[in-house]
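Source file: entry.txt. Holds: compact mmCIF, C-alpha atoms.
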# COMPACT_ATOMS: atom_id res chain seq x y z
CA MET A 1 0.00 0.00 0.00
CA LYS A 2 1.17 3.50 -0.80
CA ASN A 3 2.42 5.56 2.15
CA PRO A 4 -0.42 7.97 3.03
CA LEU A 5 2.10 10.57 4.28
CA GLY A 6 4.29 10.47 1.17
CA ARG A 7 5.33 13.75 -0.43
CA GLY A 8 2.51 15.18 -2.56
CA SER A 9 -0.14 13.34 -0.62
CA LYS A 10 -3.00 15.45 0.72
CA TYR A 11 -2.27 13.88 4.11
CA PHE A 12 1.29 15.18 4.00
CA TYR A 13 -0.05 18.71 3.54
CA ILE A 14 -2.54 18.21 6.36
CA TRP A 15 0.36 17.12 8.57
CA VAL A 16 2.50 20.14 7.58
CA PHE A 17 -0.41 22.48 8.30
CA THR A 18 -0.96 20.78 11.68
CA VAL A 19 2.73 21.12 12.59
CA ILE A 20 2.77 24.80 11.60
CA LEU A 21 -0.38 25.50 13.61
CA PHE A 22 0.95 23.59 16.61
CA GLY A 23 4.32 25.37 16.30
CA LEU A 24 2.67 28.80 16.27
CA THR A 25 0.62 27.87 19.33
CA ILE A 26 3.70 26.64 21.22
CA MET A 27 5.73 29.71 20.19
CA THR A 28 2.96 32.09 21.28
CA SER A 29 2.66 30.32 24.62
CA TYR A 30 6.42 30.52 25.13
CA VAL A 31 6.46 34.26 24.41
CA PHE A 32 3.63 34.86 26.90
CA VAL A 33 5.39 32.85 29.63
CA GLN A 34 8.75 34.54 28.98
CA GLN A 35 7.28 38.05 28.97
CA ASP A 36 5.27 37.35 32.11
CA ALA A 37 8.40 36.15 33.93
CA ARG A 38 10.41 39.18 32.73
CA SER A 39 7.77 41.74 33.68
CA GLY A 40 7.08 39.92 36.96
CA ILE A 41 10.55 40.80 38.22
CA ASN A 42 9.51 44.47 38.10
CA ILE A 43 6.88 44.07 40.84
CA PRO A 44 9.27 43.93 43.83
CA LEU A 45 11.43 46.62 42.20
CA ILE A 46 8.42 48.96 41.98
CA GLN A 47 7.64 48.34 45.65
CA ILE A 48 11.23 49.11 46.67
CA MET A 49 11.23 52.20 44.42
CA GLN A 50 8.05 53.58 46.00
CA SER A 51 9.43 53.01 49.49
CA VAL A 52 12.77 54.70 48.73
CA LYS A 53 11.06 57.69 47.07
CA ALA A 54 8.74 58.11 50.06
CA ASP A 55 11.74 57.98 52.44
CA LEU A 56 13.65 60.57 50.41
CA GLN A 57 10.64 62.89 50.21
CA ALA A 58 10.20 62.52 53.98
CA GLY A 59 13.77 63.71 54.49
CA VAL A 60 15.48 60.40 55.28
CA LYS A 61 19.21 60.67 54.50
CA SER A 62 20.54 58.59 51.61
CA ALA A 63 23.08 56.90 53.90
CA ALA A 64 20.23 55.52 56.02
CA ILE A 65 18.53 54.12 52.93
CA LEU A 66 21.72 52.44 51.72
CA GLU A 67 22.96 51.13 55.08
CA ALA A 68 22.03 47.55 54.20
CA LYS A 69 24.87 45.24 53.20
CA GLN A 70 26.74 45.87 49.99
CA ILE A 71 25.83 43.55 47.13
CA ASP A 72 28.57 42.05 44.96
CA LEU A 73 26.99 41.88 41.51
CA SER A 74 29.29 39.08 40.35
CA SER A 75 27.67 36.64 42.78
CA SER A 76 24.38 38.06 44.10
CA GLN A 77 20.98 38.27 42.46
CA SER A 78 19.50 40.50 45.17
CA PRO A 79 17.82 43.80 44.31
CA PHE A 80 20.01 46.87 44.76
CA ILE A 81 19.54 50.63 44.94
CA THR A 82 21.63 53.36 43.32
CA LEU A 83 20.98 57.00 44.17
CA TYR A 84 22.00 59.82 41.81
CA GLY A 85 22.03 63.54 42.58
CA LEU A 86 20.45 66.23 40.44
CA ASP A 87 23.80 66.43 38.61
CA LYS A 88 23.41 62.73 37.64
CA LYS A 89 26.45 61.69 39.70
CA VAL A 90 26.19 58.71 42.03
CA ILE A 91 25.52 59.68 45.64
CA GLY A 92 25.59 56.12 46.87
CA SER A 93 24.72 52.57 46.00
CA SER A 94 24.20 49.19 47.62
CA GLN A 95 25.99 47.45 44.71
CA SER A 96 29.47 47.08 43.36
CA LEU A 97 31.33 44.96 40.85
CA GLY A 98 35.03 44.49 41.44
CA GLY A 99 34.99 47.33 43.95
CA ARG A 100 33.39 49.90 41.67
CA ILE A 101 29.80 51.07 41.40
CA LEU A 102 28.13 50.43 38.06
CA THR A 103 26.15 53.37 36.71
CA LEU A 104 23.22 53.58 34.34
CA PRO A 105 23.61 55.41 31.03
CA THR A 106 22.65 59.07 31.54
CA GLY A 107 19.97 58.69 28.85
CA VAL A 108 17.97 56.49 31.24
CA LEU A 109 18.10 59.29 33.82
CA ASP A 110 17.06 61.87 31.21
CA ILE A 111 14.04 59.77 30.20
CA SER A 112 12.95 59.29 33.81
CA ARG A 113 13.08 63.05 34.36
CA SER A 114 11.17 63.98 31.21
CA LYS A 115 8.68 61.11 30.98
CA GLY A 116 8.50 59.68 34.49
CA GLU A 117 9.50 56.23 35.59
CA SER A 118 11.87 54.45 33.23
CA ARG A 119 11.91 50.64 33.02
CA VAL A 120 14.80 49.14 31.09
CA THR A 121 16.84 46.00 30.72
CA TRP A 122 20.39 47.05 31.40
CA GLN A 123 23.51 45.09 30.43
CA PRO A 124 26.62 46.78 31.88
CA THR A 125 28.88 43.80 31.02
CA SER A 126 28.53 40.86 28.68
CA GLU A 127 27.84 38.52 31.64
CA LEU A 128 25.40 40.68 33.62
CA ARG A 129 21.86 41.80 32.73
CA PHE A 130 19.50 43.64 35.04
CA ALA A 131 15.89 44.74 35.19
CA SER A 132 16.10 48.38 36.24
CA ILE A 133 13.49 50.92 37.25
CA THR A 134 14.57 54.54 37.56
CA ASP A 135 12.57 57.55 38.67
CA TYR A 136 13.19 61.23 39.23
CA VAL A 137 12.65 62.79 42.67
CA PRO A 138 12.57 66.60 42.20
CA THR A 139 13.94 67.41 45.66
CA PHE A 140 16.73 64.85 45.48
CA GLY A 141 17.74 63.50 42.09
CA TYR A 142 17.26 60.00 40.74
CA VAL A 143 16.52 56.64 42.31
CA SER A 144 17.33 53.44 40.49
CA VAL A 145 16.34 49.98 41.72
CA SER A 146 17.68 46.97 39.82
CA GLN A 147 17.89 43.19 40.02
CA SER A 148 19.72 40.49 38.12
CA LEU A 149 17.84 38.74 35.31
CA ARG A 150 19.98 35.59 35.57
CA GLU A 151 17.26 33.41 37.12
CA VAL A 152 14.55 34.69 34.76
CA GLU A 153 16.76 34.06 31.74
CA ASP A 154 17.70 30.58 32.98
CA ARG A 155 14.01 29.73 33.34
CA ALA A 156 13.28 31.17 29.88
CA ALA A 157 16.02 28.98 28.38
CA LYS A 158 14.56 25.89 30.07
CA SER A 159 11.10 26.87 28.84
CA ALA A 160 12.46 27.15 25.30
CA TRP A 161 13.79 23.59 25.46
CA ILE A 162 10.45 22.36 26.82
CA ALA A 163 8.65 24.19 23.98
CA LEU A 164 10.95 22.58 21.39
CA LEU A 165 10.39 19.16 22.95
CA ALA A 166 6.61 19.74 22.89
CA LEU A 167 6.82 20.80 19.24
CA GLY A 168 8.79 17.68 18.34
CA LEU A 169 6.47 15.35 20.23
CA GLY A 170 3.39 17.12 18.87
CA SER A 171 4.71 16.86 15.32
CA LEU A 172 5.42 13.17 15.77
CA ALA A 173 2.03 12.51 17.38
CA SER A 174 0.15 14.39 14.66
CA GLY A 175 2.06 12.51 11.96
CA VAL A 176 1.29 9.16 13.56
CA GLY A 177 -2.34 10.16 14.11
CA ILE A 178 -2.86 11.32 10.53
CA TRP A 179 -1.11 8.22 9.20
CA TRP A 180 -3.29 5.97 11.36
CA PHE A 181 -6.53 7.72 10.39
CA ALA A 182 -5.55 7.72 6.68
CA ARG A 183 -4.45 4.08 6.78
CA TRP A 184 -7.75 2.92 8.25
CA GLY A 185 -9.83 5.20 6.03
CA PHE A 186 -11.14 7.59 8.69
CA ILE A 187 -10.01 10.67 6.74
Take the structure in the file and write it out as structure tokens.
Amino acid sequence: MKNPLGRGSKYFYIWVFTVILFGLTIMTSYVFVQQDARSGINIPLIQIMQSVKADLQAGVKSAAILEAKQIDLSSSQSPFITLYGLDKKVIGSSQSLGGRILTLPTGVLDISRSKGESRVTWQPTSELRFASITDYVPTFGYVSVSQSLREVEDRAAKSAWIALLALGLGSLASGVGIWWFARWGFI
């Protein structure tokens, strides 16, 4: 008997269409999950930002805000705060990398002053990426709260492999299903 999934067969085209449709569904689901995880990291950063802004507006000194332990960015994924003056120079920070404080590009500060809160993904080195929220405080300067994206990106990579596995298994299952239905005359 002729192979019902042979090239040129209507069943082959049904299978290709099924795989494309399944692939688009899997890809869309992956994008939603990845974007949800990435934007979800902003929630605690927003809460920290609001707290720091309220403290600064209430007159709390920047040293009191930053008195928590210093975070070494090469090993920690904890959120950190960097405070900038009105002149865009660092007043203080709870982070350092190799003994020096990493600073945001001044364009991020400019945007937060002109348009309000700025949310960016910041990559100061090839190994480090951060979710960063920056806002302007008229009486003080700028507040930036950031956190490593390492865990989110690791989960996104694992999700991508799971999506590829699902696509492969779905393609195989649809091929077997179409072959079986065609072989027994159901379609």
Requested in this report: Fewer than 6 positions away in the same chain doesn't count, so skip those; otherwise give me all residues within 10 Å of A:Met27, counting only C-alpha atoms, as a ChimeraX atom specification.
Outcome: /A:21,33,160,163-164,167
Keeping only C-alpha atoms, take the residues you just selected and write them out as a CSV table (one decimal), keeping the file's coordinate frame.
chain,number,residue,atom,x,y,z
A,21,LEU,CA,-0.4,25.5,13.6
A,33,VAL,CA,5.4,32.8,29.6
A,160,ALA,CA,12.5,27.2,25.3
A,163,ALA,CA,8.6,24.2,24.0
A,164,LEU,CA,11.0,22.6,21.4
A,167,LEU,CA,6.8,20.8,19.2
Query raised in the report: If you count all atoms listed in the file, which residues fall within 9 Å of A:Val137, apart from same-chain ones fewer than 3 positions away, as a ChimeraX atom specification?
Result: /A:53,56-57,86,113,140-143
Query raised in the report: Which of these, A:Asp154, A:Glu67, A:Glu117, A:Asp72, has the shortest distance to A:Gln34 once you count all atoms listed in the file?
Result: A:Asp154
Query raised in the report: Using all atoms listed in the file, which of A:Ile162, A:Leu102, A:Ile71, A:Ala182 sits nearest A:Ser144?
Result: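 For A:Ser144, the nearest of the candidates is A:Leu102.
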Query raised in the report: Counting only C-alpha atoms, what is within 12 Å of A:Ser78, bar same-chain residues fewer than 5 positions away, as a list in words?
Result: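 Close residues of A:Ser78: Ile41, Pro44, Leu45, Ala68, Lys69, Gln70, Ile71, Asp72, Leu73, Ser94, Gln95, Phe130, Ala131, Val145, Ser146, Gln147, Ser148, Leu149, Arg150 and Glu151 of chain A.
In terms of minimum interatomic distance to A:Arg119, A:Ser39 ranks closest within A:Ser39, A:Gln50, A:Ser174, A:Ser74, counting all atoms listed in the file.
Candidate residues A:Thr18, A:Thr103, A:Ser62, A:Ser159 were compared for distance to A:Gln35, and the nearest is A:Ser159, using only C-alpha atoms.
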Box for stretch 76-89 of chain A: with edges along x, y and z, all listed atoms inside and 3 Å added on each side, what are the centre and edge lengths in Å to one decimal, as lines of an AutoDock Vina configuration file?
center_x = 22.1
center_y = 52.2
center_z = 41.4
size_x = 14.6
size_y = 34.4
size_z = 13.5
Filtering to C-alpha atoms, could stretch 48-180 of chain A of the supplied structure be written out as a CSV table (one decimal), in the first residue's frame?
chain,number,residue,atom,x,y,z
A,48,ILE,CA,11.2,49.1,46.7
A,49,MET,CA,11.2,52.2,44.4
A,50,GLN,CA,8.1,53.6,46.0
A,51,SER,CA,9.4,53.0,49.5
A,52,VAL,CA,12.8,54.7,48.7
A,53,LYS,CA,11.1,57.7,47.1
A,54,ALA,CA,8.7,58.1,50.1
A,55,ASP,CA,11.7,58.0,52.4
A,56,LEU,CA,13.7,60.6,50.4
A,57,GLN,CA,10.6,62.9,50.2
A,58,ALA,CA,10.2,62.5,54.0
A,59,GLY,CA,13.8,63.7,54.5
A,60,VAL,CA,15.5,60.4,55.3
A,61,LYS,CA,19.2,60.7,54.5
A,62,SER,CA,20.5,58.6,51.6
A,63,ALA,CA,23.1,56.9,53.9
A,64,ALA,CA,20.2,55.5,56.0
A,65,ILE,CA,18.5,54.1,52.9
A,66,LEU,CA,21.7,52.4,51.7
A,67,GLU,CA,23.0,51.1,55.1
A,68,ALA,CA,22.0,47.5,54.2
A,69,LYS,CA,24.9,45.2,53.2
A,70,GLN,CA,26.7,45.9,50.0
A,71,ILE,CA,25.8,43.5,47.1
A,72,ASP,CA,28.6,42.0,45.0
A,73,LEU,CA,27.0,41.9,41.5
A,74,SER,CA,29.3,39.1,40.3
A,75,SER,CA,27.7,36.6,42.8
A,76,SER,CA,24.4,38.1,44.1
A,77,GLN,CA,21.0,38.3,42.5
A,78,SER,CA,19.5,40.5,45.2
A,79,PRO,CA,17.8,43.8,44.3
A,80,PHE,CA,20.0,46.9,44.8
A,81,ILE,CA,19.5,50.6,44.9
A,82,THR,CA,21.6,53.4,43.3
A,83,LEU,CA,21.0,57.0,44.2
A,84,TYR,CA,22.0,59.8,41.8
A,85,GLY,CA,22.0,63.5,42.6
A,86,LEU,CA,20.4,66.2,40.4
A,87,ASP,CA,23.8,66.4,38.6
A,88,LYS,CA,23.4,62.7,37.6
A,89,LYS,CA,26.4,61.7,39.7
A,90,VAL,CA,26.2,58.7,42.0
A,91,ILE,CA,25.5,59.7,45.6
A,92,GLY,CA,25.6,56.1,46.9
A,93,SER,CA,24.7,52.6,46.0
A,94,SER,CA,24.2,49.2,47.6
A,95,GLN,CA,26.0,47.4,44.7
A,96,SER,CA,29.5,47.1,43.4
A,97,LEU,CA,31.3,45.0,40.8
A,98,GLY,CA,35.0,44.5,41.4
A,99,GLY,CA,35.0,47.3,44.0
A,100,ARG,CA,33.4,49.9,41.7
A,101,ILE,CA,29.8,51.1,41.4
A,102,LEU,CA,28.1,50.4,38.1
A,103,THR,CA,26.1,53.4,36.7
A,104,LEU,CA,23.2,53.6,34.3
A,105,PRO,CA,23.6,55.4,31.0
A,106,THR,CA,22.6,59.1,31.5
A,107,GLY,CA,20.0,58.7,28.9
A,108,VAL,CA,18.0,56.5,31.2
A,109,LEU,CA,18.1,59.3,33.8
A,110,ASP,CA,17.1,61.9,31.2
A,111,ILE,CA,14.0,59.8,30.2
A,112,SER,CA,13.0,59.3,33.8
A,113,ARG,CA,13.1,63.0,34.4
A,114,SER,CA,11.2,64.0,31.2
A,115,LYS,CA,8.7,61.1,31.0
A,116,GLY,CA,8.5,59.7,34.5
A,117,GLU,CA,9.5,56.2,35.6
A,118,SER,CA,11.9,54.5,33.2
A,119,ARG,CA,11.9,50.6,33.0
A,120,VAL,CA,14.8,49.1,31.1
A,121,THR,CA,16.8,46.0,30.7
A,122,TRP,CA,20.4,47.0,31.4
A,123,GLN,CA,23.5,45.1,30.4
A,124,PRO,CA,26.6,46.8,31.9
A,125,THR,CA,28.9,43.8,31.0
A,126,SER,CA,28.5,40.9,28.7
A,127,GLU,CA,27.8,38.5,31.6
A,128,LEU,CA,25.4,40.7,33.6
A,129,ARG,CA,21.9,41.8,32.7
A,130,PHE,CA,19.5,43.6,35.0
A,131,ALA,CA,15.9,44.7,35.2
A,132,SER,CA,16.1,48.4,36.2
A,133,ILE,CA,13.5,50.9,37.3
A,134,THR,CA,14.6,54.5,37.6
A,135,ASP,CA,12.6,57.5,38.7
A,136,TYR,CA,13.2,61.2,39.2
A,137,VAL,CA,12.7,62.8,42.7
A,138,PRO,CA,12.6,66.6,42.2
A,139,THR,CA,13.9,67.4,45.7
A,140,PHE,CA,16.7,64.9,45.5
A,141,GLY,CA,17.7,63.5,42.1
A,142,TYR,CA,17.3,60.0,40.7
A,143,VAL,CA,16.5,56.6,42.3
A,144,SER,CA,17.3,53.4,40.5
A,145,VAL,CA,16.3,50.0,41.7
A,146,SER,CA,17.7,47.0,39.8
A,147,GLN,CA,17.9,43.2,40.0
A,148,SER,CA,19.7,40.5,38.1
A,149,LEU,CA,17.8,38.7,35.3
A,150,ARG,CA,20.0,35.6,35.6
A,151,GLU,CA,17.3,33.4,37.1
A,152,VAL,CA,14.5,34.7,34.8
A,153,GLU,CA,16.8,34.1,31.7
A,154,ASP,CA,17.7,30.6,33.0
A,155,ARG,CA,14.0,29.7,33.3
A,156,ALA,CA,13.3,31.2,29.9
A,157,ALA,CA,16.0,29.0,28.4
A,158,LYS,CA,14.6,25.9,30.1
A,159,SER,CA,11.1,26.9,28.8
A,160,ALA,CA,12.5,27.2,25.3
A,161,TRP,CA,13.8,23.6,25.5
A,162,ILE,CA,10.5,22.4,26.8
A,163,ALA,CA,8.7,24.2,24.0
A,164,LEU,CA,11.0,22.6,21.4
A,165,LEU,CA,10.4,19.2,22.9
A,166,ALA,CA,6.6,19.7,22.9
A,167,LEU,CA,6.8,20.8,19.2
A,168,GLY,CA,8.8,17.7,18.3
A,169,LEU,CA,6.5,15.3,20.2
A,170,GLY,CA,3.4,17.1,18.9
A,171,SER,CA,4.7,16.9,15.3
A,172,LEU,CA,5.4,13.2,15.8
A,173,ALA,CA,2.0,12.5,17.4
A,174,SER,CA,0.2,14.4,14.7
A,175,GLY,CA,2.1,12.5,12.0
A,176,VAL,CA,1.3,9.2,13.6
A,177,GLY,CA,-2.3,10.2,14.1
A,178,ILE,CA,-2.9,11.3,10.5
A,179,TRP,CA,-1.1,8.2,9.2
A,180,TRP,CA,-3.3,6.0,11.4
